[in-house]
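Structure file model.tsv; described as TSV, C-alpha atoms.
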chain	number	residue	atom	x	y	z
A	1227	MET	CA	-20.71	-7.21	-2.97
A	1228	LYS	CA	-20.79	-9.16	-6.26
A	1229	VAL	CA	-17.47	-8.91	-8.13
A	1230	LEU	CA	-16.63	-9.94	-11.70
A	1231	VAL	CA	-12.93	-10.27	-12.63
A	1232	ILE	CA	-12.04	-10.27	-16.34
A	1233	GLY	CA	-9.05	-12.37	-17.42
A	1234	GLY	CA	-7.60	-15.81	-17.02
A	1235	GLY	CA	-3.97	-15.65	-15.91
A	1236	ALA	CA	-2.01	-15.94	-12.69
A	1237	ARG	CA	-2.60	-12.23	-12.04
A	1238	GLU	CA	-6.36	-12.77	-12.13
A	1239	HIS	CA	-6.02	-15.89	-9.97
A	1240	ALA	CA	-4.15	-13.81	-7.38
A	1241	LEU	CA	-6.83	-11.11	-7.56
A	1242	CYS	CA	-9.61	-13.68	-7.21
A	1243	ARG	CA	-7.84	-15.35	-4.30
A	1244	ALA	CA	-7.52	-12.01	-2.47
A	1245	LEU	CA	-11.14	-11.07	-3.21
A	1246	SER	CA	-12.38	-14.50	-2.09
A	1247	LEU	CA	-10.88	-13.82	1.36
A	1248	ASP	CA	-12.68	-10.46	1.63
A	1249	PRO	CA	-15.77	-10.74	3.89
A	1250	ASP	CA	-17.48	-7.97	1.89
A	1251	VAL	CA	-17.51	-10.15	-1.26
A	1252	SER	CA	-20.73	-12.19	-1.37
A	1253	ALA	CA	-20.28	-13.61	-4.88
A	1254	LEU	CA	-17.15	-13.86	-7.02
A	1255	HIS	CA	-17.17	-14.46	-10.78
A	1256	CYS	CA	-14.37	-14.62	-13.37
A	1257	ALA	CA	-14.47	-14.60	-17.16
A	1258	PRO	CA	-13.04	-16.55	-18.82
A	1259	GLY	CA	-10.84	-17.73	-15.91
A	1260	ASN	CA	-8.78	-20.92	-15.82
A	1261	ALA	CA	-8.68	-24.30	-14.10
A	1262	GLY	CA	-7.33	-22.90	-10.83
A	1263	ILE	CA	-9.58	-19.86	-10.62
A	1264	ALA	CA	-12.55	-22.24	-10.80
A	1265	ASP	CA	-11.75	-23.25	-7.21
A	1266	VAL	CA	-12.51	-19.74	-5.86
A	1267	ALA	CA	-14.84	-18.14	-8.43
A	1268	GLU	CA	-17.66	-19.10	-10.77
A	1269	LEU	CA	-16.37	-19.08	-14.36
A	1270	HIS	CA	-18.15	-17.68	-17.41
A	1271	PRO	CA	-17.16	-17.82	-21.09
A	1272	VAL	CA	-16.61	-14.39	-22.64
A	1273	ASP	CA	-14.46	-12.66	-25.23
A	1274	ALA	CA	-12.44	-10.51	-22.85
A	1275	VAL	CA	-11.79	-7.78	-25.44
A	1276	ASP	CA	-15.48	-7.48	-26.42
A	1277	GLY	CA	-16.72	-4.57	-24.32
A	1278	ALA	CA	-20.38	-5.14	-25.13
A	1279	ALA	CA	-20.14	-8.83	-24.18
A	1280	VAL	CA	-18.35	-8.07	-20.90
A	1281	ALA	CA	-20.86	-5.34	-19.99
A	1282	ALA	CA	-23.77	-7.66	-20.80
A	1283	LEU	CA	-22.30	-10.41	-18.62
A	1284	ALA	CA	-21.77	-7.98	-15.75
A	1285	GLY	CA	-25.40	-6.88	-16.10
A	1286	ARG	CA	-26.73	-10.45	-16.04
A	1287	LEU	CA	-24.68	-11.19	-12.93
A	1288	GLU	CA	-25.83	-7.92	-11.30
A	1289	ALA	CA	-22.18	-7.22	-10.53
A	1290	ASP	CA	-21.43	-4.39	-8.12
A	1291	LEU	CA	-17.86	-4.14	-9.40
A	1292	VAL	CA	-15.97	-5.28	-12.49
A	1293	VAL	CA	-12.18	-5.62	-12.32
A	1294	VAL	CA	-10.43	-5.78	-15.70
A	1295	GLY	CA	-7.14	-7.63	-15.30
A	1296	PRO	CA	-5.26	-7.83	-18.65
A	1297	GLU	CA	-3.97	-4.97	-20.77
A	1298	ALA	CA	-5.59	-5.96	-24.09
A	1299	PRO	CA	-9.20	-5.46	-22.87
A	1300	LEU	CA	-8.24	-2.12	-21.30
A	1301	VAL	CA	-6.63	-0.85	-24.50
A	1302	ALA	CA	-9.71	-2.11	-26.38
A	1303	GLY	CA	-11.99	0.05	-24.21
A	1304	VAL	CA	-13.72	-2.68	-22.19
A	1305	ALA	CA	-13.74	-0.53	-19.03
A	1306	ASP	CA	-15.52	2.24	-20.98
A	1307	ALA	CA	-18.26	-0.17	-22.06
A	1308	VAL	CA	-18.80	-1.42	-18.52
A	1309	ARG	CA	-19.02	2.10	-17.11
A	1310	ALA	CA	-21.39	3.11	-19.91
A	1311	ALA	CA	-23.70	0.34	-18.67
A	1312	GLY	CA	-23.75	2.00	-15.24
A	1313	ILE	CA	-21.55	-0.55	-13.48
A	1314	PRO	CA	-18.48	0.54	-11.47
A	1315	CYS	CA	-15.31	-0.71	-13.15
A	1316	PHE	CA	-11.75	-0.84	-11.86
A	1317	GLY	CA	-9.58	-0.17	-14.90
A	1318	PRO	CA	-8.64	2.87	-16.96
A	1319	SER	CA	-10.45	4.08	-20.05
A	1320	ARG	CA	-9.23	3.29	-23.56
A	1321	GLU	CA	-7.60	6.72	-23.80
A	1322	ALA	CA	-5.87	6.51	-20.41
A	1323	ALA	CA	-4.75	2.92	-21.09
A	1324	ARG	CA	-2.66	4.29	-23.98
A	1325	LEU	CA	-0.10	4.84	-21.24
A	1326	GLU	CA	0.66	1.13	-21.71
A	1327	GLY	CA	-0.73	0.68	-25.20
A	1328	SER	CA	1.75	3.13	-26.74
A	1329	LYS	CA	5.24	3.65	-25.37
A	1330	ALA	CA	5.53	6.79	-27.50
A	1331	PHE	CA	2.42	8.21	-25.82
A	1332	ALA	CA	3.84	7.33	-22.40
A	1333	LYS	CA	7.04	9.23	-23.24
A	1334	GLU	CA	4.94	12.23	-24.31
A	1335	VAL	CA	3.02	12.20	-21.01
A	1336	MET	CA	6.22	11.86	-18.98
A	1337	ALA	CA	7.81	14.78	-20.80
A	1338	ALA	CA	4.78	16.96	-20.09
A	1339	ALA	CA	4.73	15.93	-16.43
A	1340	ASN	CA	8.52	16.25	-15.91
A	1341	VAL	CA	8.72	12.59	-14.93
A	1342	PRO	CA	12.32	11.28	-15.01
A	1343	THR	CA	12.86	8.67	-17.73
A	1344	ALA	CA	15.40	7.56	-20.31
A	1345	ARG	CA	16.16	9.77	-23.32
A	1346	SER	CA	14.53	8.26	-26.38
A	1347	TYR	CA	13.62	8.47	-30.06
A	1348	VAL	CA	10.39	7.32	-31.71
A	1349	CYS	CA	11.30	5.66	-35.02
A	1350	THR	CA	9.20	4.58	-37.99
A	1351	THR	CA	11.77	4.28	-40.80
A	1352	PRO	CA	15.04	2.35	-41.21
A	1353	GLU	CA	16.91	5.66	-41.42
A	1354	GLU	CA	15.48	6.85	-38.10
A	1355	VAL	CA	16.30	3.49	-36.51
A	1356	ASP	CA	19.93	3.67	-37.65
A	1357	GLU	CA	20.26	7.24	-36.42
A	1358	ALA	CA	18.87	6.38	-32.96
A	1359	LEU	CA	21.04	3.28	-32.56
A	1360	ASP	CA	24.13	5.30	-33.48
A	1361	ALA	CA	23.15	8.09	-31.06
A	1362	PHE	CA	22.93	5.84	-28.00
A	1363	GLY	CA	25.34	3.01	-28.73
A	1364	ALA	CA	25.43	-0.34	-26.94
A	1365	PRO	CA	23.72	-1.75	-25.04
A	1366	TYR	CA	20.76	-1.04	-27.31
A	1367	VAL	CA	17.22	-0.81	-25.91
A	1368	VAL	CA	14.50	-1.27	-28.54
A	1369	LYS	CA	10.83	-1.31	-27.57
A	1370	ASP	CA	7.83	-2.17	-29.72
A	1371	ASP	CA	5.51	0.83	-29.44
A	1372	GLY	CA	2.39	-1.33	-28.95
A	1373	LEU	CA	1.33	-4.20	-26.73
A	1374	ALA	CA	3.59	-7.25	-26.94
A	1375	ALA	CA	2.65	-9.37	-23.90
A	1376	GLY	CA	5.81	-8.36	-22.04
A	1377	LYS	CA	8.09	-9.60	-24.84
A	1378	GLY	CA	8.35	-6.55	-27.09
A	1379	VAL	CA	11.61	-5.26	-25.63
A	1380	VAL	CA	15.08	-6.23	-26.81
A	1381	VAL	CA	18.18	-5.22	-24.83
A	1382	THR	CA	21.32	-6.28	-26.66
A	1383	ALA	CA	24.91	-5.33	-27.44
A	1384	ASP	CA	24.44	-6.61	-31.01
A	1385	PRO	CA	23.49	-3.73	-33.35
A	1386	GLU	CA	22.16	-6.12	-36.00
A	1387	GLN	CA	19.85	-7.84	-33.51
A	1388	ALA	CA	18.63	-4.43	-32.32
A	1389	ARG	CA	18.01	-3.25	-35.88
A	1390	GLU	CA	16.25	-6.47	-36.85
A	1391	HIS	CA	13.85	-6.18	-33.91
A	1392	ALA	CA	13.19	-2.51	-34.65
A	1393	LEU	CA	12.36	-3.13	-38.30
A	1394	ALA	CA	10.11	-6.08	-37.43
A	1395	CYS	CA	8.05	-3.91	-35.07
A	1396	GLY	CA	7.34	-1.05	-37.47
A	1397	ARG	CA	7.04	1.75	-34.91
A	1398	VAL	CA	9.51	1.57	-32.05
A	1399	VAL	CA	10.94	3.55	-29.17
A	1400	ILE	CA	14.73	3.39	-28.98
A	1401	GLU	CA	16.18	4.73	-25.77
A	1402	GLU	CA	19.31	4.99	-23.70
A	1403	TYR	CA	20.20	2.05	-21.48
A	1404	LEU	CA	19.41	2.56	-17.80
A	1405	ASP	CA	21.80	0.94	-15.35
A	1406	GLY	CA	20.95	-0.19	-11.83
A	1407	PRO	CA	18.39	-2.55	-10.30
A	1408	GLU	CA	14.79	-2.55	-11.50
A	1409	VAL	CA	11.78	-2.09	-9.22
A	1410	SER	CA	8.04	-2.40	-9.81
A	1411	LEU	CA	5.70	-0.14	-7.88
A	1412	PHE	CA	1.91	-0.34	-8.17
A	1413	ALA	CA	-0.52	2.39	-7.22
A	1414	ILE	CA	-4.30	2.38	-7.05
A	1415	THR	CA	-5.83	5.65	-8.23
A	1416	ASP	CA	-9.24	7.14	-8.94
A	1417	GLY	CA	-7.77	9.73	-11.27
A	1418	GLU	CA	-6.87	12.15	-8.50
A	1419	THR	CA	-5.94	10.39	-5.27
A	1420	VAL	CA	-3.03	7.95	-5.53
A	1421	LEU	CA	-2.63	5.06	-3.07
A	1422	PRO	CA	0.75	3.30	-3.42
A	1423	LEU	CA	1.28	-0.39	-2.79
A	1424	GLN	CA	4.53	-2.04	-1.71
A	1425	PRO	CA	7.43	-2.33	-4.20
A	1426	ALA	CA	8.48	-5.63	-5.72
A	1427	GLN	CA	11.18	-6.88	-8.06
A	1428	ASP	CA	10.56	-9.27	-10.93
A	1429	PHE	CA	12.86	-11.36	-13.15
A	1430	LYS	CA	12.32	-10.95	-16.88
A	1431	ARG	CA	15.00	-13.21	-18.34
A	1432	ALA	CA	14.21	-16.88	-18.89
A	1433	LEU	CA	17.35	-18.35	-17.30
A	1434	ASP	CA	19.30	-18.10	-14.05
A	1435	GLY	CA	21.70	-15.20	-13.74
A	1436	ASP	CA	19.47	-13.02	-15.94
A	1437	GLU	CA	20.51	-14.96	-19.03
A	1438	GLY	CA	18.38	-15.94	-21.99
A	1439	PRO	CA	15.56	-14.13	-23.76
A	1440	ASN	CA	13.02	-11.76	-22.26
A	1441	THR	CA	9.80	-13.30	-20.95
A	1442	GLY	CA	6.60	-12.07	-19.37
A	1443	GLY	CA	8.28	-12.64	-15.98
A	1444	MET	CA	9.74	-15.75	-14.30
A	1445	GLY	CA	9.35	-14.76	-10.65
A	1446	ALA	CA	9.21	-11.93	-8.14
A	1447	TYR	CA	9.67	-11.03	-4.50
A	1448	SER	CA	8.63	-8.42	-1.95
A	1449	PRO	CA	9.68	-6.50	0.14
A	1450	LEU	CA	13.03	-5.17	-1.10
A	1451	PRO	CA	15.42	-5.19	1.88
A	1452	TRP	CA	18.08	-3.32	-0.11
A	1453	ALA	CA	15.85	-0.44	-1.25
A	1454	ASP	CA	15.89	3.06	0.24
A	1455	PRO	CA	13.05	3.32	2.80
A	1456	LYS	CA	12.08	6.61	1.16
A	1457	LEU	CA	11.71	5.03	-2.30
A	1458	VAL	CA	7.90	4.89	-2.29
A	1459	ASP	CA	7.59	8.51	-1.17
A	1460	GLU	CA	10.05	9.62	-3.84
A	1461	VAL	CA	8.26	7.75	-6.62
A	1462	MET	CA	4.91	9.10	-5.45
A	1463	GLU	CA	6.23	12.66	-5.63
A	1464	THR	CA	8.22	12.47	-8.87
A	1465	VAL	CA	6.42	9.81	-10.93
A	1466	LEU	CA	2.99	8.57	-9.89
A	1467	GLN	CA	1.19	11.72	-8.76
A	1468	PRO	CA	2.57	13.89	-11.62
A	1469	THR	CA	1.51	11.29	-14.19
A	1470	VAL	CA	-2.01	11.01	-12.77
A	1471	ASP	CA	-2.27	14.81	-12.62
A	1472	GLU	CA	-1.12	15.16	-16.25
A	1473	LEU	CA	-3.64	12.63	-17.55
A	1474	ARG	CA	-6.43	14.38	-15.64
A	1475	ARG	CA	-5.28	17.72	-17.08
A	1476	ARG	CA	-5.60	16.24	-20.56
A	1477	GLY	CA	-9.21	15.26	-19.90
A	1478	THR	CA	-8.44	11.53	-19.80
A	1479	PRO	CA	-8.18	10.73	-16.08
A	1480	PHE	CA	-6.52	7.43	-15.19
A	1481	ALA	CA	-8.67	5.43	-12.76
A	1482	GLY	CA	-7.36	1.96	-12.00
A	1483	LEU	CA	-3.98	0.39	-11.36
A	1484	LEU	CA	-0.95	2.39	-12.45
A	1485	TYR	CA	2.21	0.29	-12.57
A	1486	ALA	CA	5.59	2.02	-12.78
A	1487	GLY	CA	8.56	-0.04	-13.89
A	1488	LEU	CA	11.59	1.77	-12.49
A	1489	ALA	CA	15.39	1.70	-12.73
A	1490	ILE	CA	17.35	2.87	-9.68
A	1491	THR	CA	20.26	4.44	-11.55
A	1492	GLY	CA	23.32	6.30	-10.42
A	1493	ARG	CA	21.47	9.50	-11.40
A	1494	GLY	CA	18.34	8.61	-9.43
A	1495	VAL	CA	15.02	6.91	-10.16
A	1496	ARG	CA	14.04	6.66	-13.84
A	1497	VAL	CA	10.84	5.25	-15.35
A	1498	ILE	CA	11.40	2.33	-17.71
A	1499	GLU	CA	7.74	1.85	-18.60
A	1500	PHE	CA	4.17	2.20	-17.39
A	1501	ASN	CA	1.54	-0.51	-17.31
A	1502	ALA	CA	-2.18	0.16	-16.95
A	1503	ARG	CA	-2.95	-2.90	-14.81
A	1504	PHE	CA	-1.58	-5.21	-12.15
A	1505	GLY	CA	1.69	-6.77	-13.32
A	1506	ASP	CA	2.38	-10.47	-13.44
A	1507	PRO	CA	4.23	-11.95	-11.48
A	1508	GLU	CA	4.58	-8.97	-9.09
A	1509	THR	CA	0.85	-9.04	-8.25
A	1510	GLN	CA	1.27	-12.45	-6.70
A	1511	VAL	CA	3.80	-11.32	-4.09
A	1512	VAL	CA	2.29	-7.89	-3.43
A	1513	LEU	CA	-1.22	-9.21	-2.77
A	1514	ALA	CA	0.21	-12.03	-0.65
A	1515	ARG	CA	1.40	-9.35	1.80
A	1516	LEU	CA	-1.68	-7.10	1.72
A	1517	ARG	CA	-3.70	-7.20	4.94
A	1518	THR	CA	-6.36	-4.62	3.94
A	1519	PRO	CA	-9.45	-6.23	2.33
A	1520	LEU	CA	-9.20	-5.51	-1.39
A	1521	ALA	CA	-12.77	-5.14	-2.68
A	1522	SER	CA	-13.71	-1.85	-1.03
A	1523	VAL	CA	-10.42	-0.24	-2.12
A	1524	LEU	CA	-11.02	-1.17	-5.76
A	1525	LEU	CA	-14.67	-0.10	-5.56
A	1526	ASN	CA	-13.79	3.29	-4.10
A	1527	ALA	CA	-11.21	3.80	-6.85
A	1528	ALA	CA	-13.86	2.94	-9.45
A	1529	ARG	CA	-16.32	5.38	-7.84
A	1530	GLY	CA	-13.84	8.25	-7.49
A	1531	ALA	CA	-13.88	8.04	-3.69
A	1532	LEU	CA	-10.36	6.85	-2.93
A	1533	ALA	CA	-9.70	9.88	-0.71
A	1534	ASP	CA	-11.92	8.16	1.87
A	1535	GLU	CA	-9.56	5.16	2.09
A	1536	PRO	CA	-7.00	5.00	4.92
A	1537	PRO	CA	-3.42	3.92	4.09
A	1538	LEU	CA	-3.14	0.26	3.21
A	1539	ASN	CA	-2.17	-2.20	5.92
A	1540	TRP	CA	0.65	-4.64	5.19
A	1541	ARG	CA	1.86	-7.86	6.76
A	1542	GLY	CA	5.43	-7.84	8.03
A	1543	ASP	CA	6.40	-11.05	6.23
A	1544	SER	CA	8.07	-11.64	2.87
A	1545	ALA	CA	6.73	-13.26	-0.30
A	1546	VAL	CA	8.40	-15.04	-3.23
A	1547	THR	CA	6.82	-16.24	-6.48
A	1548	VAL	CA	8.42	-18.74	-8.86
A	1549	VAL	CA	6.94	-19.26	-12.35
A	1550	ILE	CA	6.83	-22.72	-13.91
A	1551	ALA	CA	6.91	-22.49	-17.71
A	1552	SER	CA	6.21	-24.95	-20.50
A	1553	ARG	CA	8.87	-26.57	-22.64
A	1554	HIS	CA	10.33	-24.07	-25.16
A	1555	TYR	CA	8.89	-20.93	-23.50
A	1556	PRO	CA	9.29	-18.02	-24.37
A	1557	ALA	CA	9.36	-19.54	-27.86
A	1558	PRO	CA	6.00	-21.08	-28.88
A	1559	PRO	CA	5.45	-23.53	-26.02
A	1560	ARG	CA	4.34	-27.12	-25.99
A	1561	THR	CA	0.88	-27.44	-24.43
A	1562	GLY	CA	-1.54	-30.20	-23.48
A	1563	ASP	CA	0.77	-31.89	-20.95
A	1564	PRO	CA	-0.78	-33.18	-17.69
A	1565	ILE	CA	0.22	-31.41	-14.48
A	1566	GLY	CA	0.80	-33.47	-11.35
A	1567	GLY	CA	1.53	-32.68	-7.73
A	1568	LEU	CA	-1.01	-29.88	-7.25
A	1569	ASP	CA	-2.85	-31.80	-4.53
A	1570	GLU	CA	0.44	-32.46	-2.75
A	1571	VAL	CA	1.16	-28.72	-2.57
A	1572	ALA	CA	-2.35	-28.03	-1.26
A	1573	VAL	CA	-1.93	-30.65	1.50
A	1574	ARG	CA	1.74	-30.29	2.47
A	1575	ASP	CA	2.56	-26.60	1.87
A	1576	ALA	CA	-0.60	-24.61	2.64
A	1577	PRO	CA	-1.18	-22.01	3.96
A	1578	HIS	CA	2.36	-20.69	3.51
A	1579	ALA	CA	2.69	-21.78	-0.14
A	1580	TYR	CA	0.06	-22.13	-2.83
A	1581	VAL	CA	-0.28	-22.47	-6.59
A	1582	LEU	CA	-1.77	-19.82	-8.87
A	1583	HIS	CA	-2.79	-20.95	-12.35
A	1584	ALA	CA	-1.91	-19.09	-15.55
A	1585	GLY	CA	-1.88	-21.25	-18.69
A	1586	THR	CA	-3.99	-24.24	-17.62
A	1587	ARG	CA	-7.20	-25.97	-18.65
A	1588	ARG	CA	-9.26	-28.81	-17.24
A	1589	GLU	CA	-9.98	-31.96	-19.21
A	1590	GLY	CA	-12.13	-34.32	-17.17
A	1591	ASP	CA	-10.32	-34.78	-13.86
A	1592	ALA	CA	-6.95	-33.75	-15.31
A	1593	ILE	CA	-5.30	-30.31	-15.33
A	1594	LEU	CA	-3.32	-29.70	-18.53
A	1595	SER	CA	-0.85	-27.03	-19.61
A	1596	ALA	CA	-2.39	-24.47	-21.96
A	1597	GLY	CA	0.18	-21.70	-22.30
A	1598	GLY	CA	3.78	-20.61	-21.90
A	1599	ARG	CA	3.77	-19.59	-18.26
A	1600	VAL	CA	1.70	-22.39	-16.72
A	1601	LEU	CA	1.75	-21.87	-12.96
A	1602	SER	CA	3.05	-19.52	-10.28
A	1603	VAL	CA	4.03	-20.87	-6.89
A	1604	THR	CA	3.77	-18.16	-4.22
A	1605	ALA	CA	5.07	-18.57	-0.69
A	1606	THR	CA	5.36	-16.37	2.36
A	1607	GLY	CA	7.80	-16.50	5.24
A	1608	GLU	CA	9.24	-14.52	8.09
A	1609	ASP	CA	11.96	-13.33	5.71
A	1610	LEU	CA	12.91	-13.84	2.08
A	1611	ALA	CA	15.07	-16.85	2.87
A	1612	GLU	CA	12.16	-18.70	4.45
A	1613	ALA	CA	9.77	-17.64	1.69
A	1614	ARG	CA	12.24	-18.90	-0.95
A	1615	GLU	CA	12.67	-22.22	0.83
A	1616	ARG	CA	8.91	-22.74	0.98
A	1617	ALA	CA	8.37	-21.67	-2.63
A	1618	TYR	CA	10.99	-24.00	-4.05
A	1619	ALA	CA	9.84	-26.90	-1.85
A	1620	ALA	CA	6.39	-26.52	-3.41
A	1621	VAL	CA	7.84	-26.15	-6.92
A	1622	GLY	CA	9.65	-29.44	-6.39
A	1623	ARG	CA	6.35	-31.27	-5.89
A	1624	ILE	CA	4.88	-30.17	-9.23
A	1625	ARG	CA	5.33	-32.46	-12.21
A	1626	LEU	CA	5.08	-31.09	-15.75
A	1627	ASP	CA	7.09	-32.82	-18.47
A	1628	GLY	CA	9.69	-30.53	-20.04
A	1629	SER	CA	8.87	-27.57	-17.80
A	1630	HIS	CA	11.50	-25.15	-16.59
A	1631	HIS	CA	11.86	-22.49	-13.90
A	1632	ARG	CA	14.54	-20.21	-12.55
A	1633	THR	CA	16.30	-21.36	-9.39
A	1634	ASP	CA	17.64	-17.95	-8.34
A	1635	ILE	CA	14.48	-15.92	-7.68
A	1636	ALA	CA	15.20	-13.54	-4.74
A	1637	ALA	CA	18.47	-15.35	-3.99
A	1638	ARG	CA	20.68	-12.25	-3.90
A	1639	ALA	CA	18.13	-10.24	-1.92
A	1640	ALA	CA	17.74	-13.06	0.59
A	1641	SER	CA	21.49	-13.28	1.09
A	1642	ARG	CA	21.71	-9.52	1.61
A	1643	SER	CA	18.98	-9.54	4.23
Could the structure of this file be written out as C-alpha cells, please?
Amino acid sequence: MKVLVIGGGAREHALCRALSLDPDVSALHCAPGNAGIADVAELHPVDAVDGAAVAALAGRLEADLVVVGPEAPLVAGVADAVRAAGIPCFGPSREAARLEGSKAFAKEVMAAANVPTARSYVCTTPEEVDEALDAFGAPYVVKDDGLAAGKGVVVTADPEQAREHALACGRVVIEEYLDGPEVSLFAITDGETVLPLQPAQDFKRALDGDEGPNTGGMGAYSPLPWADPKLVDEVMETVLQPTVDELRRRGTPFAGLLYAGLAITGRGVRVIEFNARFGDPETQVVLARLRTPLASVLLNAARGALADEPPLNWRGDSAVTVVIASRHYPAPPRTGDPIGGLDEVAVRDAPHAYVLHAGTRREGDAILSAGGRVLSVTATGEDLAEARERAYAAVGRIRLDGSHHRTDIAARAASRS
C-alpha cells in the first residue's frame, strides 16, 4: 500500500512513524513534512490547503490512501478534492469538517443530537458579548468561532480580558465554565461505524501547574488510571455515535478522525469541543500504545468498510509526551536556532523514548527550530512513572537555546497510580 500523509507537524510525524512500522505499507510519502519525518517518509513540496495540488501529487505517486493531518486543509476541502480524483482519503469533507471549523456549528449539531455540552451563546456584537458575559459570570470562557491553531480560547476571571478577546475575534461562542478534569477521546469513523481509541489527557497551559497562557498543547499521557473504566463506552453512547449519526442524517457524513474534548464534571461528561482530525500532542501517546497496524484501519474508514474491522488491540504500557517549545512561545517564537542532542536520544533512549519533530527544518547537516512547538519527546514504560522518567531523561539531552517545557506532565496521574 502506498500512503501519502499531508502535513508537517508532530502529529504527522507520529502518524508517519506508525505507518512506517506497518508491514502493509510499501511506500510512505509526506507533504510537506519536516526534518524528522524525512527519516521515515519521502518528502514532497505542496501547498497543503490546495486541494487540486494535493490530489495531483497523490495521483503522480499512485497513492492508495491519502491521510490529511491538519485541520486547515480539511476545512478547505482538500479531502473532497482527493476523493473526487478517485483516491481513498482519510479525512472528513469540507462540510463535515465544519464541526471543528465553526464552534457555533458544532453547538448546533450537538443540540440536534442531544449531546451533553456547556450552555452557550453565539455573539457577533458588543451588546451580545456583554449580555453573555453577564449571564454566565466568572470564570469566563470565550471561544473564537473559527480555526485558531488551538489558541482561540480564553478562560479568565477578568471580564475585561474576556471582552477584549471576544471583540477581537468578531464571532465568538461564550459558554458556561465546565469544572472537572479534561479528557481527549479519538474515534475513527467511516460515517456510520465508530471505532474508539484510548483516552488521553493533554496540558494546554504553557507553564507548570496549569499556569500561563493557552498553547496548542505542551504534553500528554495515556492511559488515564483515574478515569472510570466505563468512560469510553459512555462517550461512545452519548457523544460520538450520536454526533456521527446526526451528521449522516444531515447528508454530510463524517468519515475520518473525530476528536472529542471532554470535561468530566460533577454533572457528568460534557463536550468542550470537537476536532476533525488527530489532536496534537495526544496523537503521540495514543499511537505509541496502539498495537493494531494502522494503515488498513484508515483505509477501511476511507472506503466505508470500517464495520469489517475488529476492535483495536492495545499495548498494556503507558506513554508520556513532553513538548519542547521555542523561546517566547506561545507568543511569536524565535526560530532558526540549532538543535543538539537528537543523536544522543536516538542512541541512548531508543526504543522506549524517541523524538517527533514539529517546527523544524534542515539546513545542510544542521536541524534548526522553525516554529513555536519544536519537538515532542514520547516515551513508553510499564507505568506512567517509568514513562515520565524516560521522557524527561530524553528531554534533558536535547539542546535548544532559550527553549522551555513543562516539568509536570502526567505527574499527578503517575502519583495516583
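Straight-line separation from atom CA of A:Arg1345 to atom CA of A:Val1399: 10.0 Å.
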### Task
Find the residue from A:Gly1262, A:Arg1599, A:Phe1316, A:Asp1384 that sits nearest to A:Pro1558; use only C-alpha atoms when measuring.
A:Arg1599
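For the atom pair formed by atom CA of A:Val1409 and atom CA of A:Glu1615, the distance is 22.5 Å, given to one decimal.
Across the structure, atom CA of A:Pro1299 and atom CA of A:Pro1318 are spaced 10.2 Å apart.
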#### Entry: Residue contacts of stretch 1606-1614 of chain A (6 Å, all atoms listed in the file) excluding same-chain residues fewer than 5 positions away, as a list in words
Asp1543, Ser1544, Ala1545, Val1546, His1578 and Ala1640 of chain A
### Task
Pull the neighbourhood of (-20.2, 3.9, -14.2) for me: all residues within 12 Å in file coordinates, counting all atoms listed in the file, as a VMD selection string.
chain A and resid 1281 1289 to 1292 1305 to 1319 1481 1525 to 1530
### Task
Find the residues near A:Val1301: any atom within 10 Å, counting only C-alpha atoms, skip ones fewer than 4 places away on the same chain, and give them as a ChimeraX atom specification.
/A:1275,1296-1297,1305,1318-1328,1373,1502
### Query
Hey, can you pull every residue with an atom no more than 8 Å from (15.8, -2.5, -23.8), using all atoms listed in the file, and send it as an MDAnalysis selection string?
chainID A and resid 1366:1369 1379:1382 1400:1401 1403
Each side padded by 6 Å, which centre and which edge lengths in Å (one decimal) define the axis-aligned box around the listed atoms of stretch 1319-1326 of chain A? Give them as lines of an AutoDock Vina configuration file.
center_x = -4.9
center_y = 3.9
center_z = -22.0
size_x = 23.1
size_y = 17.6
size_z = 15.9
## Note on the structure
Using all atoms listed in the file, the best pick from A:Ile1624, A:Glu1354, A:Asp1506, A:His1583 as closest to A:Ala1264 would be A:His1583
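Of the residues under consideration (A:Pro1271, A:Asp1250, A:Pro1407, A:Ala1344), A:Pro1271 shows the shortest atom-to-atom contact distance to A:Leu1283 when counting all atoms listed in the file.
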### Task
Quick one: everything within 10 Å of A:Leu1433, counting all atoms listed in the file, minus sequence neighbours fewer than 5 positions away in the same chain. Send it as a ChimeraX atom specification.
/A:1438-1441,1444,1630-1634
Please produce a file of the residues just selected, as a PDB file, in the coordinates of the input, where the atoms kept are C-alpha atoms.
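Below you can see again.pdb, which holds the result:
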ATOM      1  CA  GLY A1438      18.380 -15.940 -21.990  1.00  0.00           C
ATOM      2  CA  PRO A1439      15.560 -14.130 -23.760  1.00  0.00           C
ATOM      3  CA  ASN A1440      13.020 -11.760 -22.260  1.00  0.00           C
ATOM      4  CA  THR A1441       9.800 -13.300 -20.950  1.00  0.00           C
ATOM      5  CA  MET A1444       9.740 -15.750 -14.300  1.00  0.00           C
ATOM      6  CA  HIS A1630      11.500 -25.150 -16.590  1.00  0.00           C
ATOM      7  CA  HIS A1631      11.860 -22.490 -13.900  1.00  0.00           C
ATOM      8  CA  ARG A1632      14.540 -20.210 -12.550  1.00  0.00           C
ATOM      9  CA  THR A1633      16.300 -21.360  -9.390  1.00  0.00           C
ATOM     10  CA  ASP A1634      17.640 -17.950  -8.340  1.00  0.00           C
TER      11      ASP A1634
END
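For the choices A:Arg1560, A:Lys1430, A:Arg1541, A:Arg1616, the atom-to-atom distance to A:Leu1594 is smallest for A:Arg1560 when using only C-alpha atoms.
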### Message
Could you check the closest approach to A:Phe1429 for each of A:Pro1507, A:Gly1477, A:Pro1352, A:Gly1406 and tell me which residue wins, using only C-alpha atoms?
### Response
A:Pro1507
#### Entry: Long-range neighbours of stretch 1229-1241 of chain A as a PyMOL selection string, 8 Å cut-off, only C-alpha atoms, 6 positions minimum in chain
chain A and resi 1251+1253-1260+1262-1263+1274+1284+1289-1296+1504-1507+1509-1510+1513+1582-1585+1601-1602
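Near A:Gln1467, within a cut-off of 12 Å and counting only C-alpha atoms, sit the residues Met1336, Ala1339, Asn1340, Val1341, Ala1413, Ile1414, Thr1415, Asp1416, Gly1417, Glu1418, Thr1419, Val1420, Leu1421, Pro1422, Val1458, Asp1459, Glu1460, Val1461, Met1462, Glu1463, Asp1471, Glu1472, Leu1473, Arg1474, Pro1479, Phe1480, Leu1484 and Ala1486 of chain A, with same-chain residues fewer than 4 positions away left out.
With all atoms listed in the file as the atoms that count, the residue of A:Asp1436, A:Leu1483, A:Val1511, A:Ala1639 with the shortest distance to A:Leu1524 is A:Leu1483.
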